[in-house]
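Coordinates from work12.txt are shown below (compact mmCIF, C-alpha atoms and all ligand atoms).
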```txt
# COMPACT_ATOMS: atom_id res chain seq x y z
CA MET A 1 61.16 64.09 89.31
CA THR A 2 57.77 65.36 88.11
CA ILE A 3 57.95 68.01 85.41
CA SER A 4 55.16 70.52 84.95
CA CYS A 5 54.63 71.83 81.46
CA ILE A 6 52.09 74.22 79.97
CA PRO A 7 51.77 75.49 76.38
CA ALA A 8 53.46 78.83 75.76
CA SER A 9 50.97 79.65 72.99
CA ASP A 10 48.54 78.02 70.60
CA ALA A 11 51.30 77.90 67.97
CA LEU A 12 54.28 76.26 69.67
CA GLY A 13 56.41 76.28 72.80
CA ALA A 14 56.17 74.75 76.26
CA VAL A 15 56.90 76.50 79.55
CA ILE A 16 58.51 73.93 81.81
CA SER A 17 58.71 74.33 85.57
CA ASP A 18 59.84 72.26 88.55
CA VAL A 19 63.22 71.54 87.04
CA ASP A 20 66.54 73.04 88.16
CA LEU A 21 68.90 72.84 85.22
CA ALA A 22 71.93 73.64 87.38
CA LYS A 23 71.58 70.10 88.77
CA THR A 24 72.46 66.91 86.95
CA LEU A 25 69.29 65.49 85.40
CA ASP A 26 68.43 61.79 85.65
CA SER A 27 67.72 59.84 82.47
CA GLU A 28 63.98 59.75 83.14
CA THR A 29 63.85 63.55 83.28
CA VAL A 30 65.99 63.89 80.17
CA GLY A 31 63.67 61.49 78.30
CA ALA A 32 60.61 63.46 79.42
CA LEU A 33 62.21 66.72 78.24
CA GLN A 34 63.18 65.21 74.88
CA LYS A 35 59.55 64.16 74.39
CA ILE A 36 58.25 67.62 75.39
CA TRP A 37 60.74 69.22 73.01
CA ALA A 38 59.79 67.00 70.06
CA GLU A 39 56.11 67.80 70.64
CA ASN A 40 56.42 71.52 71.39
CA LEU A 41 59.50 72.58 69.34
CA VAL A 42 60.58 75.25 71.84
CA MET A 43 61.29 74.68 75.55
CA ILE A 44 61.12 77.64 77.93
CA PHE A 45 62.60 77.42 81.43
CA ARG A 46 62.20 80.42 83.76
CA GLY A 47 64.18 81.46 86.81
CA GLN A 48 67.30 79.40 86.18
CA SER A 49 70.74 80.19 87.56
CA LEU A 50 73.25 78.56 85.25
CA SER A 51 77.00 78.64 84.78
CA ASP A 52 78.38 78.12 81.28
CA ASP A 53 79.20 74.54 82.24
CA ASP A 54 75.58 73.99 83.39
CA LEU A 55 74.32 75.35 80.06
CA ILE A 56 76.67 73.10 78.09
CA ARG A 57 75.79 70.04 80.20
CA PHE A 58 72.06 70.61 79.79
CA SER A 59 72.37 71.34 76.04
CA SER A 60 74.35 68.14 75.54
CA HIS A 61 71.25 66.10 76.38
CA PHE A 62 69.81 67.22 73.04
CA GLY A 63 72.80 67.01 70.72
CA GLU A 64 76.50 67.62 70.52
CA CYS A 65 77.56 71.17 71.38
CA GLU A 66 79.41 72.80 68.51
CA LYS A 67 82.46 74.96 69.10
CA ALA A 68 82.00 78.50 67.85
CA PRO A 69 85.09 80.41 66.68
CA ILE A 70 84.71 83.99 67.94
CA GLY A 71 86.89 85.72 65.34
CA ASP A 72 88.46 89.05 66.17
CA SER A 73 85.36 91.25 65.98
CA VAL A 74 84.45 90.65 69.64
CA LEU A 75 86.41 90.88 72.87
CA GLU A 76 88.31 87.74 73.77
CA GLN A 77 86.94 86.34 77.03
CA ASP A 78 87.54 83.40 79.28
CA ILE A 79 84.51 81.36 78.25
CA PRO A 80 84.23 77.80 76.94
CA PRO A 81 84.40 77.42 73.14
CA GLU A 82 80.89 75.90 73.13
CA ILE A 83 79.44 79.26 74.22
CA THR A 84 78.69 82.17 71.88
CA VAL A 85 77.98 85.52 73.53
CA VAL A 86 75.05 87.45 72.02
CA SER A 87 75.28 90.98 73.41
CA ASN A 88 75.44 94.70 72.70
CA VAL A 89 77.66 95.43 75.73
CA MET A 90 81.03 97.07 75.03
CA GLU A 91 84.16 96.56 77.11
CA ASP A 92 87.58 98.04 76.37
CA GLY A 93 86.14 99.56 73.19
CA LYS A 94 85.04 96.20 71.78
CA PRO A 95 81.71 94.38 71.87
CA ILE A 96 81.69 91.38 74.21
CA GLY A 97 79.33 89.56 71.85
CA PHE A 98 77.55 89.45 68.53
CA LEU A 99 74.41 90.90 66.94
CA GLY A 100 74.18 94.36 68.54
CA THR A 101 70.77 95.91 69.22
CA GLY A 102 69.05 95.87 65.83
CA GLU A 103 66.17 93.84 64.50
CA LEU A 104 67.04 90.31 63.42
CA THR A 105 64.65 89.27 60.69
CA TRP A 106 63.07 85.81 60.43
CA HIS A 107 65.74 83.18 59.95
CA THR A 108 66.95 79.71 60.75
CA ASP A 109 70.39 79.66 62.35
CA MET A 110 73.24 78.72 60.01
CA SER A 111 71.03 77.64 57.10
CA TYR A 112 73.65 79.11 54.76
CA ILE A 113 76.02 76.20 55.45
CA PRO A 114 75.52 72.62 54.18
CA GLU A 115 74.93 71.12 57.63
CA PRO A 116 73.27 73.75 59.83
CA SER A 117 72.97 73.49 63.59
CA ASP A 118 70.02 71.34 64.61
CA ALA A 119 69.18 73.25 67.77
CA SER A 120 70.06 76.40 69.68
CA GLY A 121 69.81 77.33 73.35
CA LEU A 122 69.78 80.93 74.56
CA TYR A 123 70.23 81.80 78.24
CA ALA A 124 69.46 85.31 79.52
CA ILE A 125 72.10 86.73 81.87
CA GLU A 126 71.11 90.40 81.52
CA VAL A 127 68.00 91.62 79.72
CA ALA A 128 66.68 94.98 78.57
CA ASP A 129 64.26 96.62 81.05
CA GLY A 130 62.16 98.37 78.45
CA PRO A 131 60.21 96.91 75.57
CA GLY A 132 62.31 95.42 72.80
CA GLY A 133 64.61 92.44 72.40
CA GLU A 134 61.72 89.95 72.35
CA THR A 135 62.39 86.78 70.35
CA SER A 136 59.61 85.27 68.25
CA PHE A 137 59.47 81.64 67.15
CA LEU A 138 57.51 80.26 64.21
CA ASN A 139 56.16 76.72 63.80
CA MET A 140 57.37 75.49 60.40
CA TYR A 141 55.39 72.23 60.66
CA SER A 142 52.19 74.29 60.84
CA ALA A 143 53.34 76.49 57.96
CA TYR A 144 53.79 73.31 55.89
CA ASP A 145 50.59 71.61 57.08
CA THR A 146 48.48 74.59 56.02
CA LEU A 147 50.05 75.25 52.61
CA PRO A 148 47.36 75.70 49.96
CA ALA A 149 47.48 72.76 47.51
CA ASP A 150 48.54 74.90 44.54
CA LEU A 151 51.40 76.45 46.48
CA LEU A 152 52.51 73.06 47.79
CA ALA A 153 52.57 71.72 44.21
CA LYS A 154 54.80 74.63 43.16
CA ILE A 155 57.42 74.11 45.88
CA GLU A 156 57.43 70.45 46.88
CA ASP A 157 60.31 69.43 44.61
CA ARG A 158 62.16 72.71 44.81
CA THR A 159 65.53 73.56 46.34
CA ALA A 160 66.67 77.01 47.40
CA ASN A 161 70.04 78.63 47.78
CA HIS A 162 70.50 80.13 51.27
CA ASP A 163 72.71 83.17 50.85
CA SER A 164 75.71 83.35 53.15
CA SER A 165 76.67 86.95 52.41
CA TYR A 166 74.70 88.74 55.13
CA THR A 167 73.89 88.16 58.80
CA SER A 168 70.29 88.24 59.99
CA ALA A 169 71.03 91.80 61.13
CA GLY A 170 71.66 92.64 57.45
CA THR A 171 75.42 93.10 57.86
CA LEU A 172 77.72 91.92 55.08
CA ARG A 173 79.99 89.18 56.40
CA THR A 174 83.74 89.84 56.33
CA GLY A 175 85.35 88.98 53.01
CA LEU A 176 82.08 88.54 51.09
CA ALA A 177 80.86 90.72 48.23
CA GLU A 178 77.50 92.48 48.02
CA VAL A 179 74.89 90.35 46.25
CA THR A 180 73.79 91.86 42.94
CA ASP A 181 72.31 88.68 41.39
CA VAL A 182 70.59 86.29 43.81
CA SER A 183 71.01 83.38 41.39
CA LYS A 184 74.78 83.70 41.85
CA ALA A 185 74.86 84.30 45.62
CA PRO A 186 77.17 82.07 47.69
CA GLY A 187 75.68 79.81 50.35
CA ALA A 188 74.19 76.35 50.78
CA ARG A 189 71.34 74.60 49.00
CA HIS A 190 68.47 72.98 50.88
CA ARG A 191 65.13 71.56 49.84
CA LEU A 192 62.17 73.75 50.74
CA LEU A 193 60.50 70.79 52.45
CA ARG A 194 62.48 68.68 54.88
CA THR A 195 61.61 65.68 57.01
CA HIS A 196 62.51 66.00 60.66
CA PRO A 197 64.73 63.03 61.59
CA VAL A 198 63.19 62.58 65.04
CA THR A 199 59.48 63.26 64.55
CA GLY A 200 59.21 62.18 60.90
CA ARG A 201 57.10 65.27 60.24
CA THR A 202 57.60 67.55 57.24
CA ALA A 203 58.54 71.18 57.84
CA LEU A 204 59.09 74.13 55.55
CA TYR A 205 62.72 75.21 55.51
CA LEU A 206 63.23 78.78 54.31
CA GLY A 207 66.34 80.20 56.03
CA ARG A 208 66.22 83.95 55.31
CA ARG A 209 64.18 85.89 52.79
CA PRO A 210 66.86 88.39 51.60
CA ASN A 211 68.87 87.01 48.66
CA SER A 212 67.18 83.62 48.79
CA TYR A 213 66.78 81.98 45.37
CA ILE A 214 64.85 78.95 44.17
CA LEU A 215 67.03 76.98 41.77
CA ASP A 216 66.06 76.44 38.11
CA LEU A 217 63.67 79.39 38.07
CA SER A 218 64.17 82.81 36.55
CA VAL A 219 64.97 85.40 39.20
CA PRO A 220 61.53 87.11 38.84
CA ASP A 221 59.73 83.74 39.11
CA SER A 222 61.84 82.78 42.13
CA GLU A 223 61.12 86.14 43.78
CA SER A 224 57.37 85.86 43.30
CA LEU A 225 57.22 82.25 44.48
CA LEU A 226 59.34 83.08 47.54
CA ASP A 227 57.11 86.07 48.31
CA GLU A 228 54.07 83.78 48.15
CA VAL A 229 55.64 81.16 50.44
CA TRP A 230 56.92 83.75 52.92
CA SER A 231 53.60 85.54 53.04
CA HIS A 232 51.85 82.26 53.89
CA THR A 233 54.54 81.31 56.44
CA THR A 234 54.85 84.49 58.46
CA GLN A 235 51.30 84.51 59.80
CA ASP A 236 50.80 85.48 63.44
CA LYS A 237 48.90 82.26 64.14
CA PHE A 238 52.15 80.26 63.74
CA VAL A 239 54.12 82.49 66.15
CA TYR A 240 55.03 82.58 69.85
CA THR A 241 56.79 85.74 71.09
CA HIS A 242 59.03 85.43 74.13
CA ARG A 243 59.49 88.42 76.43
CA TRP A 244 62.81 87.77 78.15
CA GLU A 245 63.47 87.78 81.87
CA LYS A 246 66.83 87.25 83.53
CA GLY A 247 67.33 83.54 84.16
CA ASP A 248 65.30 82.36 81.15
CA LEU A 249 66.65 79.53 79.05
CA VAL A 250 64.91 79.05 75.71
CA PHE A 251 65.84 76.03 73.67
CA TRP A 252 64.57 75.58 70.10
CA ASP A 253 64.77 73.16 67.19
CA ASN A 254 66.13 74.78 64.02
CA ARG A 255 64.79 71.91 61.90
CA CYS A 256 61.19 73.01 62.44
CA VAL A 257 61.37 76.56 63.90
CA MET A 258 62.34 79.97 62.53
CA HIS A 259 62.99 82.91 64.82
CA ARG A 260 63.40 86.68 64.79
CA ARG A 261 64.31 89.39 67.31
CA GLU A 262 62.85 92.83 67.95
CA PRO A 263 65.38 95.66 68.15
CA PHE A 264 66.03 97.18 71.57
CA ASP A 265 67.28 100.49 72.93
CA ALA A 266 71.03 100.95 72.51
CA GLY A 267 71.20 102.37 76.06
CA GLU A 268 70.10 99.01 77.50
CA ARG A 269 72.41 96.12 78.41
CA ARG A 270 71.56 92.65 77.13
CA ILE A 271 73.83 89.62 77.60
CA MET A 272 72.85 86.15 76.39
CA HIS A 273 74.92 82.99 76.23
CA ARG A 274 74.11 80.63 73.37
CA THR A 275 74.84 77.00 72.58
CA GLN A 276 74.44 75.44 69.13
CA LEU A 277 73.96 71.72 68.65
CA LYS A 278 74.15 68.94 66.14
CA GLY A 279 71.76 66.07 66.79
CA ALA A 280 74.35 63.43 67.55
CA ALA A 281 73.05 62.45 71.00
CA PRO A 282 70.54 59.64 71.46
CA PHE A 283 67.13 61.18 70.94
CA TYR A 284 63.59 60.50 71.86
CA ARG A 285 61.86 58.88 68.87
CA ALA A 286 58.23 59.68 68.10
FE FE B 1 69.37 83.23 65.29
```
I need this file expressed as structure tokens, please.
Ligand SMILES: [Fe+2]
Amino acid sequence: MTISCIPASDALGAVISDVDLAKTLDSETVGALQKIWAENLVMIFRGQSLSDDDLIRFSSHFGECEKAPIGDSVLEQDIPPEITVVSNVMEDGKPIGFLGTGELTWHTDMSYIPEPSDASGLYAIEVADGPGGETSFLNMYSAYDTLPADLLAKIEDRTANHDSSYTSAGTLRTGLAEVTDVSKAPGARHRLLRTHPVTGRTALYLGRRPNSYILDLSVPDSESLLDEVWSHTTQDKFVYTHRWEKGDLVFWDNRCVMHRREPFDAGERRIMHRTQLKGAAPFYRA
């Protein structure tokens, strides 16, 4: 099978055509996609028609699908445990999925746990008609590669705490207390610079800005250094923004990509199915 691939933007992302992900892929195709993914960080497939099993089978070529407990805040549905529903749609008085309609600020999925997901796939089943709901992706290799020398010197040996108290929608997670001192926030600690295990390249790893804290600094010093790093990182030149269409599958690498979502109108319906992966499968090596 010949795969066609064009850049989605100058920053990152590849739009891949001539591949039907509802079919079983041969090993040559999988290898080609792994290479495209390592080089472009985000894969975008348009016009797909996928069942949950198709999505899980495709995702499994890039890692091991994690099972996501749904908790009792969303409607129980007959879907495989590897699938998380991201949606604002209500049924029987309960949301069928997570994350509502609001803005989701820049983040890396699950960075507040010790071993975050390596990759995420998001498949659009229903999308908003109007503007809104776009997802932006940011190239964290480029953010690292362009760090001014003085800023690099200030962060290269530093570790940050990634607060686990709030979601990227700003909602306090069940059972957790409001953060009043970022140096005491719960969460997981990660180095600000991390080496990608497949590409060997260094990427900035920031998680979320709210309640982040750089260890061994005073809170004011941590805040000002984080502001400096975030201001450098969130430049438009590192960003690709995806306008969703039904049938899109977007697949990104959390080890070198941050993402955010625009809010959308509460009167719209948006249903996405997501997979989250750990990199346990055999990978393309750069
Ligand atoms: Fe996310």
Per residue of segment 53-153 of chain A within 8 Å of segment 22-38 of chain A, which atom pair is closest and at what distance in Å (one decimal), using only C-alpha atoms, listed by chain and increasing number, as CSV?
```
residue,atom,partner,partner_atom,distance
A:Asp54,CA,A:Ala22,CA,5.4
A:Leu55,CA,A:Ala22,CA,7.9
A:His61,CA,A:Val30,CA,6.8
A:Phe62,CA,A:Gln34,CA,7.2
```
Show me, as CSV, the residues of chain A having an atom within 7 Å of ligand FE 1 (chain B), each with the closest atom pair and its distance in Å, using all atoms listed in the file.
```
residue,atom,partner,partner_atom,distance
A:His107,CA,B:FE1,FE,6.5
A:Thr108,CA,B:FE1,FE,6.2
A:Asp109,CA,B:FE1,FE,4.7
A:His259,CA,B:FE1,FE,6.4
A:Arg260,CA,B:FE1,FE,6.9
```
- Query: Could you state the separation of atom CA of Arg189 of chain A and atom CA of Pro116 of chain A in Å, given to one decimal place?
  - Reply: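 Those two atoms sit 11.0 Å apart.
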- Item | Straight-line distance linking atom CA of Pro7 of chain A with atom CA of Asn40 of chain A, stated in Å to one decimal |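 Pair atom CA of Pro7 of chain A / atom CA of Asn40 of chain A returns 7.9 Å.
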- Item | Within 8 Å of Val15 of chain A using only C-alpha atoms, minus same-chain residues under 3 positions, as a list of chain:residue names |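 The neighbour list is A:Cys5, A:Ile6, A:Pro7, A:Ala8, A:Met43, A:Ile44, A:Phe45, A:Arg46.
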Please produce an output containing C-alpha atoms for each residue in the selection, written as an mmCIF file, in the coordinates of the input.
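Contents of selection_28.cif, as written:
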```cif
data_model
loop_
_atom_site.group_PDB
_atom_site.id
_atom_site.type_symbol
_atom_site.label_atom_id
_atom_site.label_comp_id
_atom_site.auth_asym_id
_atom_site.auth_seq_id
_atom_site.Cartn_x
_atom_site.Cartn_y
_atom_site.Cartn_z
ATOM 1 C CA CYS A 5 54.630 71.830 81.460
ATOM 2 C CA ILE A 6 52.090 74.220 79.970
ATOM 3 C CA PRO A 7 51.770 75.490 76.380
ATOM 4 C CA ALA A 8 53.460 78.830 75.760
ATOM 5 C CA MET A 43 61.290 74.680 75.550
ATOM 6 C CA ILE A 44 61.120 77.640 77.930
ATOM 7 C CA PHE A 45 62.600 77.420 81.430
ATOM 8 C CA ARG A 46 62.200 80.420 83.760
#
```
- Message: Just to confirm, what's the straight-line distance from atom CA of Ala11 of chain A to atom CA of Thr159 of chain A in Å (one decimal)?
- Response: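 That distance, rounded to one decimal, is 26.3 Å.
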- Fewer than 4 positions away in the same chain doesn't count, so skip those; otherwise give me all residues within 10 Å of Leu50 of chain A, counting only C-alpha atoms, as a PyMOL selection string. chain A and resi 20-23+54-56+58+123-125+247-249
- Query: Counting only C-alpha atoms, what is within 12 Å of Glu245 of chain A, bar same-chain residues fewer than 6 positions away, as a PyMOL selection string?
  - Reply: chain A and resi 44-49+122-135+270-272
- Leaving out Met90 of chain A and any residue of its chain fewer than 5 positions from it, which residues lie within 10 Å of it when counting all atoms listed in the file, given as a list in words?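 After dropping sequence-adjacent residues, the list is Val74, Leu75, Pro95, Ile96, Gly97, Gly100 and Arg269 of chain A.
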Taking a cut-off of 9 Å and counting only C-alpha atoms, can you build a table that, for each residue of segment 183-230 of chain A near segment 166-176 of chain A, reports the nearest atom pair and how far apart they are in Å (one decimal), sorted by chain then residue number, as CSV?
```
residue,atom,partner,partner_atom,distance
A:Pro186,CA,A:Leu176,CA,8.8
A:Arg208,CA,A:Ser168,CA,7.5
A:Pro210,CA,A:Tyr166,CA,8.6
A:Asn211,CA,A:Tyr166,CA,8.9
```
- Query: Which residue gives the smallest distance to Thr105 of chain A among A:Arg57, A:Arg261, A:Arg243, A:Arg274, with all atoms listed in the file counted?
  - Reply: A:Arg261
- For Leu99 of chain A, list every protein, DNA or RNA residue within 8 Å, evaluated using all atoms listed in the file, and leave out those in the same chain fewer than 6 positions away; present the list as a list in words. Val86, Ser87, Asn88 and Ala169 of chain A
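Proximity ranking of A:Ala119, A:Ile79, A:Ala160, A:Leu147 relative to Leu226 of chain A places A:Ala160 first, based on only C-alpha atoms.
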- Task: Between A:Asp92, A:Glu223, A:Glu228, A:Asp157, single out the one closest to Asp181 of chain A, counting all atoms listed in the file.
- Result: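 Checking each candidate against Asp181 of chain A, we get A:Glu223 as the closest.
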- Message: Using all atoms listed in the file, can you tell me which of A:Asp118, A:Asp52, A:Glu91, A:Glu66 comes closest to Pro197 of chain A?
- Response: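 Among the listed residues, A:Asp118 lies closest to Pro197 of chain A.
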- Message: Please determine, counting all atoms listed in the file, which residue among A:Thr101, A:Ser120, A:Ser111, A:Thr234 has the shortest atom-to-atom distance to Glu82 of chain A.
- Response: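 Looking at the shortest contact to Glu82 of chain A, the residue is A:Ser120.
Proximity of A:Val219, A:Met110, A:Met140, A:Ala149 to Arg194 of chain A, computed with all atoms listed in the file, is greatest for A:Met140.
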Put a box with edges along x, y and z around all the listed atoms of segment 265-279 of chain A, pad it by 8 Å on each side, then give me its centre and sizes in Å, one decimal, as JSON.
```
{"center_x": 71.1, "center_y": 84.2, "center_z": 72.3, "size_x": 23.6, "size_y": 52.3, "size_z": 28.3}
```
